[in-house]
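Below: protein_39.txt (compact mmCIF, C-alpha atoms)
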```txt
# COMPACT_ATOMS: atom_id res chain seq x y z
CA MET I 1 2.87 -8.02 -22.47
CA SER I 2 3.61 -6.60 -19.01
CA ALA I 3 2.97 -3.10 -17.74
CA ALA I 4 6.71 -2.44 -18.04
CA ALA I 5 6.69 -3.27 -21.73
CA THR I 6 3.96 -0.85 -22.71
CA SER I 7 4.21 1.37 -25.72
CA ALA I 8 2.88 4.88 -26.09
CA SER I 9 0.74 3.70 -29.01
CA SER I 10 -1.46 1.39 -26.91
CA PRO I 11 -5.06 2.55 -26.87
CA LEU I 12 -6.18 3.73 -23.44
CA LEU I 13 -2.63 3.65 -22.07
CA LEU I 14 -3.07 6.68 -19.82
CA GLU I 15 -6.66 5.81 -18.91
CA GLY I 16 -5.71 2.19 -18.11
CA THR I 17 -2.81 3.31 -15.95
CA ALA I 18 -5.04 5.77 -14.06
CA TYR I 19 -7.71 3.06 -13.62
CA TRP I 20 -5.09 0.65 -12.24
CA GLU I 21 -3.81 3.22 -9.75
CA GLN I 22 -7.33 4.06 -8.59
CA LEU I 23 -8.17 0.34 -8.30
CA MET I 24 -5.09 -0.30 -6.14
CA GLU I 25 -6.01 2.59 -3.82
CA GLU I 26 -9.62 1.38 -3.54
CA CYS I 27 -8.52 -2.18 -2.78
CA LYS I 28 -6.16 -0.95 -0.06
CA ARG I 29 -9.01 1.10 1.41
CA GLN I 30 -11.39 -1.87 1.31
CA ALA I 31 -8.79 -4.14 2.96
CA GLU I 32 -8.27 -1.53 5.70
CA LEU I 33 -12.02 -1.40 6.33
CA ILE I 34 -12.20 -5.18 6.66
CA ASN I 35 -9.13 -5.23 8.91
CA SER I 36 -10.73 -2.59 11.12
CA VAL I 37 -13.79 -4.82 11.61
CA VAL I 38 -11.54 -7.84 12.23
CA SER I 39 -9.66 -5.91 14.94
CA GLN I 40 -12.87 -4.62 16.52
CA LYS I 41 -14.16 -8.20 16.76
CA GLY I 42 -10.97 -9.27 18.55
CA LEU I 43 -9.72 -11.62 15.85
CA SER I 44 -5.97 -12.18 15.65
CA SER I 45 -3.79 -10.47 13.07
CA ASP I 46 -3.56 -13.65 10.93
CA HIS I 47 -7.21 -13.03 10.06
CA GLN I 48 -6.39 -9.66 8.53
CA ILE I 49 -6.12 -9.10 4.80
CA GLN I 50 -2.68 -8.28 3.47
CA CYS I 51 -2.79 -6.02 0.42
CA THR I 52 0.26 -5.45 -1.76
CA THR I 53 0.27 -3.28 -4.84
CA GLY I 54 2.56 -2.61 -7.76
CA PRO I 55 2.70 -4.41 -11.10
CA GLU I 56 0.50 -7.02 -9.41
CA LEU I 57 -2.33 -6.39 -6.97
CA ARG I 58 -2.50 -9.11 -4.35
CA MET I 59 -4.92 -9.36 -1.44
CA CYS I 60 -4.49 -12.35 0.83
CA LYS I 61 -5.94 -13.77 4.04
CA SER I 62 -3.78 -16.75 4.95
CA ALA I 63 -5.62 -18.24 7.97
CA ASP I 64 -8.29 -20.80 7.10
CA PRO I 65 -10.63 -20.22 5.50
CA SER I 66 -8.14 -18.48 3.23
CA THR I 67 -8.54 -16.42 0.10
CA THR I 68 -6.05 -14.90 -2.33
CA VAL I 69 -7.05 -12.35 -4.96
CA LYS I 70 -4.40 -11.73 -7.60
CA LEU I 71 -4.84 -9.16 -10.34
CA ILE I 72 -2.34 -8.20 -13.04
CA ILE I 73 -2.64 -5.47 -15.65
CA GLY I 74 -1.30 -6.00 -19.13
CA PHE I 75 -1.11 -3.51 -21.97
CA TYR I 76 -1.71 -4.95 -25.42
CA PRO I 77 -2.02 -3.44 -28.91
CA TRP I 78 -5.81 -3.47 -28.53
CA GLY I 79 -5.72 -1.93 -25.03
CA PRO I 80 -5.27 -2.70 -21.34
CA MET I 81 -6.52 -5.96 -19.83
CA LEU I 82 -6.81 -7.13 -16.22
CA SER I 83 -6.14 -10.81 -15.46
CA LEU I 84 -7.89 -11.98 -12.28
CA CYS I 85 -7.40 -15.15 -10.25
CA ILE I 86 -9.19 -15.85 -6.94
CA THR I 87 -8.10 -18.96 -5.01
CA GLY I 88 -8.22 -20.25 -1.47
CA TYR I 89 -9.04 -22.99 0.99
CA GLU I 90 -12.27 -23.71 2.86
CA CYS I 91 -10.14 -25.66 5.33
CA GLN I 92 -6.55 -26.91 5.36
CA ASP I 93 -7.05 -29.69 2.77
CA GLU I 94 -10.07 -28.43 0.82
CA LYS I 95 -9.60 -25.84 -1.92
CA PHE I 96 -12.58 -23.90 -3.16
CA PHE I 97 -13.18 -23.72 -6.90
CA PRO I 98 -10.89 -20.99 -8.30
CA GLU I 99 -12.23 -18.07 -10.30
CA GLU I 100 -10.22 -16.83 -13.26
CA CYS I 101 -11.15 -14.24 -15.85
CA GLU I 102 -9.88 -11.37 -17.93
CA LEU I 103 -11.41 -7.91 -17.85
CA PRO I 104 -10.65 -5.51 -20.69
CA ILE I 105 -10.45 -1.86 -19.75
CA ALA I 106 -12.49 0.40 -22.01
CA GLN I 107 -14.29 3.71 -22.20
CA ASP I 108 -18.00 3.59 -21.46
CA THR I 109 -20.50 5.55 -23.55
CA ASP I 110 -20.36 8.39 -21.00
CA GLY I 111 -16.56 8.60 -21.36
CA SER I 112 -15.76 6.98 -18.01
CA VAL I 113 -13.11 4.26 -17.86
CA ILE I 114 -14.42 0.85 -16.86
CA ALA I 115 -13.45 -2.80 -16.65
CA ILE I 116 -15.76 -5.08 -18.59
CA PHE I 117 -16.77 -8.25 -16.78
CA ASP I 118 -18.75 -11.25 -17.98
CA GLU I 119 -20.65 -10.36 -21.12
CA GLY I 120 -20.78 -6.62 -20.73
CA LEU I 121 -21.19 -5.94 -17.01
CA SER I 122 -18.99 -2.91 -16.34
CA PHE I 123 -17.19 -1.83 -13.18
CA SER I 124 -15.67 1.47 -12.20
CA ALA I 125 -12.43 1.05 -10.22
CA ARG I 126 -14.37 1.48 -6.97
CA GLU I 127 -17.01 -1.06 -7.98
CA LEU I 128 -14.37 -3.59 -9.04
CA ALA I 129 -12.55 -3.15 -5.70
CA ALA I 130 -15.81 -3.87 -3.86
CA TYR I 131 -16.39 -6.93 -6.04
CA LEU I 132 -12.87 -8.23 -5.39
CA THR I 133 -13.11 -7.79 -1.63
CA GLN I 134 -16.43 -9.66 -1.63
CA ALA I 135 -14.31 -12.76 -2.28
CA PHE I 136 -13.33 -12.54 1.40
CA ARG I 137 -16.92 -12.98 2.62
CA ARG I 138 -16.34 -16.73 2.96
CA CYS I 139 -13.49 -15.94 5.37
CA PHE I 140 -15.72 -13.97 7.73
CA PRO I 141 -19.14 -15.67 7.84
CA GLY I 142 -20.11 -13.91 11.08
CA LEU I 143 -19.12 -10.36 10.10
CA SER I 144 -21.22 -7.85 8.21
CA LEU I 145 -18.77 -6.90 5.46
CA PRO I 146 -21.18 -5.77 2.71
CA GLN I 147 -22.31 -2.72 4.69
CA MET I 148 -18.72 -1.73 5.40
CA LEU I 149 -17.67 -2.09 1.77
CA GLY I 150 -20.45 0.11 0.46
CA GLN I 151 -19.47 3.17 2.52
CA SER I 152 -17.85 6.09 0.80
CA HIS I 153 -14.64 7.61 2.06
```
Structure translated into structure tokens:
Amino acid sequence: MSAAATSASSPLLLEGTAYWEQLMEECKRQAELINSVVSQKGLSSDHQIQCTTGPELRMCKSADPSTTVKLIIGFYPWGPMLSLCITGYECQDEKFFPEECELPIAQDTDGSVIAIFDEGLSFSARELAAYLTQAFRRCFPGLSLPQMLGQSH
């Protein structure tokens, strides 16, 4: 079921929508931080990360090594779910092993809204954005991205 086909009876409808909006903003911010470092290092614009948001969140660096992060939110009778796919190429003819998973959105014991990843690891929207942008580390082996991504705004 797509975000457009949601019903008001879905559990966590409002919370899931708010989480999605916050996640999109955080991913755009993270992409801007990486692009700032890319520009400062004098790399061409084809090394920058393009981030598009809407019903699908897509972050893409097309120059080799390339990476594409695609995330879609779906609203189901049991609640919202994120579908994640990370793909790319090490070089022109060599794909890296894709990562695919689904992350249910839920309320944590403290009432915060989280995405649940891999057997109970939970991410706030900001933490998930940082995790997603870490997929671009392989694209920039000489740049110190982890320090940039951990900064608050």
Would you give me, as CSV, each residue of segment 43-103 of chain I having an atom within 10 Å of an atom of segment 117-122 of chain I, along with its shortest atom pair and that distance in Å to one decimal, using all atoms listed in the file and sorting by chain and residue number?
```
residue,atom,partner,partner_atom,distance
I:Cys101,CA,I:Phe117,CA,8.3
I:Glu102,CA,I:Phe117,CA,7.7
I:Leu103,CA,I:Phe117,CA,5.5
```
Min atom-atom distance to Glu25 of chain I from the set I:Pro80, I:Gly54, I:Pro98, I:Gly88, counting only C-alpha atoms, belongs to I:Gly54
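Of the listed residues I:Leu23, I:Ile86, I:Cys139, I:Leu12, the one whose atoms come nearest to Ser62 of chain I is I:Cys139, with distances taken using all atoms listed in the file.
Between atom CA of Val37 of chain I and atom CA of Glu100 of chain I the interatomic distance comes to 27.8 Å.
Distances here use all atoms listed in the file; by that measure, the residue among I:Asp64, I:Arg137, I:Glu56, I:Ile49 closest to Ser36 of chain I is I:Ile49.
When atom CA of Ala18 of chain I is paired with atom CA of Lys70 of chain I, their separation reads 18.7 Å.
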A straight line from atom CA of Ala125 of chain I to atom CA of Met81 of chain I spans 13.3 Å
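Between Lys61 of chain I and the residues I:Ile114, I:Ile34, I:Asp93, I:Phe75, the shortest atom-to-atom distance, using only C-alpha atoms, involves I:Ile34.
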Practice problem: Could you please give me, as a count of residues only, the residues of protein, DNA or RNA lying at most 10 Å from (-4.9, 0.4, -7.8) in the coordinate frame of the file, considering all atoms listed in the file? | Solution: 22
Distance cut-off 7 Å, centre (-6.8, -12.7, 2.4) in file coordinates, counting only C-alpha atoms: which residues qualify? Return them as a PyMOL selection string.
chain I and resi 48-50+59-62+66-68+136
The selected residues should be written to file as a short mmCIF file (atom, residue, chain, number, x, y, z; two decimals), in the coordinates of the input (atoms: C-alpha atoms).
```cif
data_model
loop_
_atom_site.label_atom_id
_atom_site.label_comp_id
_atom_site.auth_asym_id
_atom_site.auth_seq_id
_atom_site.Cartn_x
_atom_site.Cartn_y
_atom_site.Cartn_z
CA GLN I 48 -6.39 -9.66 8.53
CA ILE I 49 -6.12 -9.10 4.80
CA GLN I 50 -2.68 -8.28 3.47
CA MET I 59 -4.92 -9.36 -1.44
CA CYS I 60 -4.49 -12.35 0.83
CA LYS I 61 -5.94 -13.77 4.04
CA SER I 62 -3.78 -16.75 4.95
CA SER I 66 -8.14 -18.48 3.23
CA THR I 67 -8.54 -16.42 0.10
CA THR I 68 -6.05 -14.90 -2.33
CA PHE I 136 -13.33 -12.54 1.40
#
```
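When only C-alpha atoms are used to compute distances to Ser44 of chain I, the closest of the residues I:Thr87, I:Ala63, I:Arg29, I:Glu94 turns out to be I:Ala63.
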